Structure formats: structure tokens, C-alpha cells
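Only one structure is covered here, and it is reproduced in the block below.
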Amino acid sequence: MHTELVISPNPWMAVPFGLLLASIALAPLLCPTWWIKHYPKVAIALGMVTIAYYLFGLKAPSRLVHVAHEYVSFIALIGSLFVVAGGIHVTVKGEGTPRANVVFLLIGALVANVLGTTGASMLLIRPWLRMNKYRLTAHHVVFFIFIVSNVGGCLTPIGDPPLFLGYLKGVPFWWVAKHCWPMWAVGVGFLLAAFYLIDRRNYLRAPVEVCQRLAEPPDRWRIEGLGNLVLLAAILGSVFLKRPPFLREAIMVAAAVASWVLTPPGVHEANRFNFHPLKEVAILFMGIFATMVPALDWLQLHAADFGTPTPGRLYWLTGSLSTVLDNAPTYLTFLSAAAGAYVSPELIAQVRAVLDSAGSGGFGASAGTDTVQFAAMLLRDSLGPGAAGASAELIRVACLLSHPKWSLSVVAVSVGAVFFGAGTYIGNGPNFMVKAIAEEGRAHVPTFVGYVFKYALPLLVPMLALTWLVFFLT
């Protein structure tokens, strides 16, 4: 018999979560100097409020242990990819013609699914700026953010932080690629076509003598730090390990340490590598993971009270918040909302009955619906012998994925979180990092308002609307 604790937090305990997200969105704009100095104190203080509430108010330390494990897994992946990518330096040859630029961005979109949007952005932004240095304009920076730092990473859980959180919540690794590749193809294809038209016009206006004088020499094509590819393969392979606990994370950390020790200092210097971006992500997400627990728990219990959400509504809601807030907690919030709205306690009990009966060598009478059977099969494939002890949270996600109509809501939340992260500089972590590096390279980088009104609204929003019309208009 399963006696899983049902946690019903006070909805007011979601306030620290909202305060932290509002601080992340607004403080860098309103008081940047103060925020740079004090953001660790803000994140830790708000996180401690929630931790104290769960420890002493709800007396549910096991819930915090579960969240802490997810945080360690999340940071181990992000951090190891960041360090290993920082040990690879790419030097690109020749000038950035419109056709060469399109190929480069397409490669970047694919690489983002292997290195993550952060790793791919840090690896490729400097070669990208050097390729186009004789005619570097704002659209080069903006489309790099659109494609490489965001939309391109929609095919694997490694690609973007929200999708890895989904993987930790029970979404199979290859499920994302199988169900999201049409949206990825439309999104990346639309943006590459728009970029080509704009870049070709810019290319034809550039003086020929300037092109010949400043373009990269033909012999400048090499990759340094190739040994890190072996470490990258170790990280990717470890993602599939689920037992014993923390083995996956240990391999990732070991790969990062090996990369840092073995990579020649010259490669790190060429990449201007430092740990500040990783430190900021680790501290802020420590606060996010802690403060979001009451909001997620409350949503799972009460999402059905707000009616059944449509995929189109989930796409726009997830996306709109991902534009101004961090897309990882936004993804979890609406995944929980969809699970709570669609999956009833009775359905969870039926899946448990099937898992229990399968463990004893048979199938119970409760295995009556395709959704129940498919959900149980998904859990057995994922968890093996431990499927009978699956948490209610994992069963909810398995049920969502096992129902043809419900699974579209997971696709909508996934695509919305990844695509809309390109809407502002604060929509996704790599955006600000690319902006800072481009400014160091004296590129013409739009302001926050200019980015939104000159590029995101006229160029990104039509792609988002097209994706909605084709896939989520129900």
C-alpha cells in the first residue's frame, strides 16, 4: 500500500518565488550595481524562508531532499557543459558571407542540443563575431541569440535548462526530439530565412575593399582543445544513468575537473573563460529551486480548479512568462499545472495498481485504459524494478505523455519555454552572456528596449505566431 504524503502548502508561500523572479527580471535594470553585489543574499534569504516553512511548518523534509537532488543534477549538467565547452576554442576561416553565416547558425542550432544553449553560445559567439567583423551589426548579435542561444536547443533535454528539468521529472530523453522536431524545423527555418534576407542586404552594401582587408585569412580554421570532446561524450553518456544515485552527477563533475586541469591555459585565455556566469547561475537557481516548491505543490493540487488548459493557452502562457522571467521555473510551473488539470487521483491509483500487479507477475483489472497501460509501460521502461515505487509526480507526467491529446500540452509547454526565451535579454541565461561578449568586441548591440521593439516584436513574434497557428491552434 502506498502512503505518499500529500503536501498542501499555503498559497501565500509562493510569494518568495514571485519576489525572486521579479528581482531577477527587474533588479539588473533598475539597480544593476546593487544587484551584482547583493544577489546571493537575496536568493539565499528568500530560499531559506521556504526551507524553514517545509521543515518546521509542514514537517516535510523529504520534499526538500527530493528538490535538492534535482538541483544537484541540474547544476552538475549545466556546470560540466559550461566548463568543457570553455576548453574548446574554434577559429573560423574566411569572411562571413550570407550563405556561410546561415550554415554557421544552422550548425550552432544543432550543436546547442549537444552542448546546451549556454555551452554552444560560449563556444561559437567569438568565432561568429570574427567572421563578420568587417560588417558587424546588431542583427548578427540578435539572430545568434535567437537561434543558437534559444530556439536551436529544443531537441534534447541537454539543449535548454527547462527540458532537462522535464527529463528529471520523467520525460524520456528522446521524447523531446520525437515530438518537437517539427516545431524546431519551422522555428529555425523561419529565423534563418529572415536572417538571410537581412544579411544579404547588409553584405551587398559593404565596400569591397573593406571586405578584402578585414576578412579572416583563408588559413584560419582550427579547433583547439579537442581532448574535451572525449569528456563531452562522458557527460552525454552519463545523462542516461539513473542508478545508483549521484553516479551521473559524479561523472559530470569529474569530467569538468578533468577539463579544467588538462586544458592548456592558452585555450582558456583565448575564450576569456571565467567562472562568474556559472557562479551566478548556481546561486540564483539555488534560490529558485527552493522558493518554487510551494507554487508547484499548490498547482498540482488545485490546477483542475481553473478548468482544462488547451495546448494553445499553455504555449502562450508559458512563453509569455519565459520572456520576462527565467524559462526553467516557468516550464515547471505550467507542466505541473497541466498535470494537475488532466491527471486525477483516480488515474494515479489505477497506474499504481498496474505497476503493483506487474511486479507480482500479472496485470490487475484496473489496467483498463490505454493511458493507464502506456503510463505504466513508460514508468517500467524508465525506472525498471523501481517503477512500483514511482512518486505521484512521476506518474502524473507519465500519464500526460501517454495520452495523445494531453501529450500535446507537454509539447506546447516545452516549445513555449524554449522559443520565447529569446524575447528579451533576460529570457534565458546565455542572452546576457552573448550581449556582454559582443559589447567587448565592440559590436553594435541594441539596448534592452531596442532589442524588444526593433527585433523581437517584428522578427521573433511572427515565428512564434506561425508555430502556434500550425501546431497549437486547437
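Residue numbering restarts at 1 in every chain; chains get A, B, ... in the order shown in the C-alpha cells, and ligands count up from 1 in that same order.
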Do a neighbour search on Ser322 of chain A at 6 Å with only C-alpha atoms, toss out local chain neighbours closer than 2 positions, and write the hits as a list of chain:residue names.
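Once the nearby chain positions are removed, what remains is A:Gly319, A:Ser320, A:Val324, A:Leu325, A:Asp326, A:Asn327, A:Ala417, A:Phe420, A:Gly421, A:Gly427.
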If you count only C-alpha atoms, which residues fall within 12 Å of Gly170 of chain A, apart from same-chain ones fewer than 4 positions away, as number ranges by chain?
A: 70, 157, 163-166, 174-176, 242, 335, 375, 378-383, 387, 390-402, 410
Could you check which of A:Val83, A:Ala295, A:Ile145, A:Leu301 is closest to Thr424 of chain A, using only C-alpha atoms?
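With only C-alpha atoms as the atom set, the closest residue is A:Ile145.
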Using only C-alpha atoms for the distances, tell me which of A:Val415, A:Ala25, A:Ala256, A:Ala282 is nearest to Val72 of chain A.
A:Ala282
As number ranges by chain, list the residues of segment 318-416 of chain A assigned to helix (DSSP H, G or I) by DSSP on the backbone atoms of this structure.
A: 318-324, 327-342, 345-359, 370-389, 392-402, 404-416
Can you measure atom CA of Ser344 of chain A to atom CA of Leu296 of chain A for me? One decimal in Å is fine.
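So the answer is 16.2 Å.
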Pull the strand (DSSP E) assignments for segment 55-240 of chain A out of DSSP run on the backbone, and list those residues as a ChimeraX atom specification.
/A:89-91,222-224
I'd like to know which of A:Ala438, A:Leu124, A:Val411, A:Ala85 is closest to Trp181 of chain A, using only C-alpha atoms.
A:Val411
Residue nearest Leu20 of chain A - candidates A:Phe285, A:Phe144, A:Trp34, A:Tyr54, atoms counted: only C-alpha atoms
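Nearest to Leu20 of chain A: A:Phe285.
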Which residues come within 12 Å of Leu459 of chain A, counting only C-alpha atoms, excluding same-chain residues fewer than 2 positions away, as a PyMOL selection string?
chain A and resi 139+142-143+146+187+190-195+197-198+422-423+451-457+461-466
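Residues in contact range of segment 13-19 of chain A, defined as at most 7 Å between only C-alpha atoms, with sequence neighbours fewer than 5 positions away removed, read Leu46, Ile288, Thr291, Met292, Pro294 and Ala295 of chain A.
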Please dump the current selection as a compact mmCIF listing (two decimals), in the first residue's frame; keep C-alpha atoms.
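And here is the file that came out, part_12.txt:
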```
# COMPACT_ATOMS: atom_id res chain seq x y z
CA LEU A 46 14.21 34.01 0.10
CA ILE A 288 14.68 29.35 -7.50
CA THR A 291 11.22 29.01 -3.49
CA MET A 292 9.30 27.35 -6.33
CA PRO A 294 5.17 25.72 -2.68
CA ALA A 295 3.99 27.06 -6.04
```
Quick one: distance from atom CA of Phe173 of chain A to atom CA of Asp370 of chain A in Å, one decimal?
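Rounded to one decimal, the two atoms are 22.0 Å apart.
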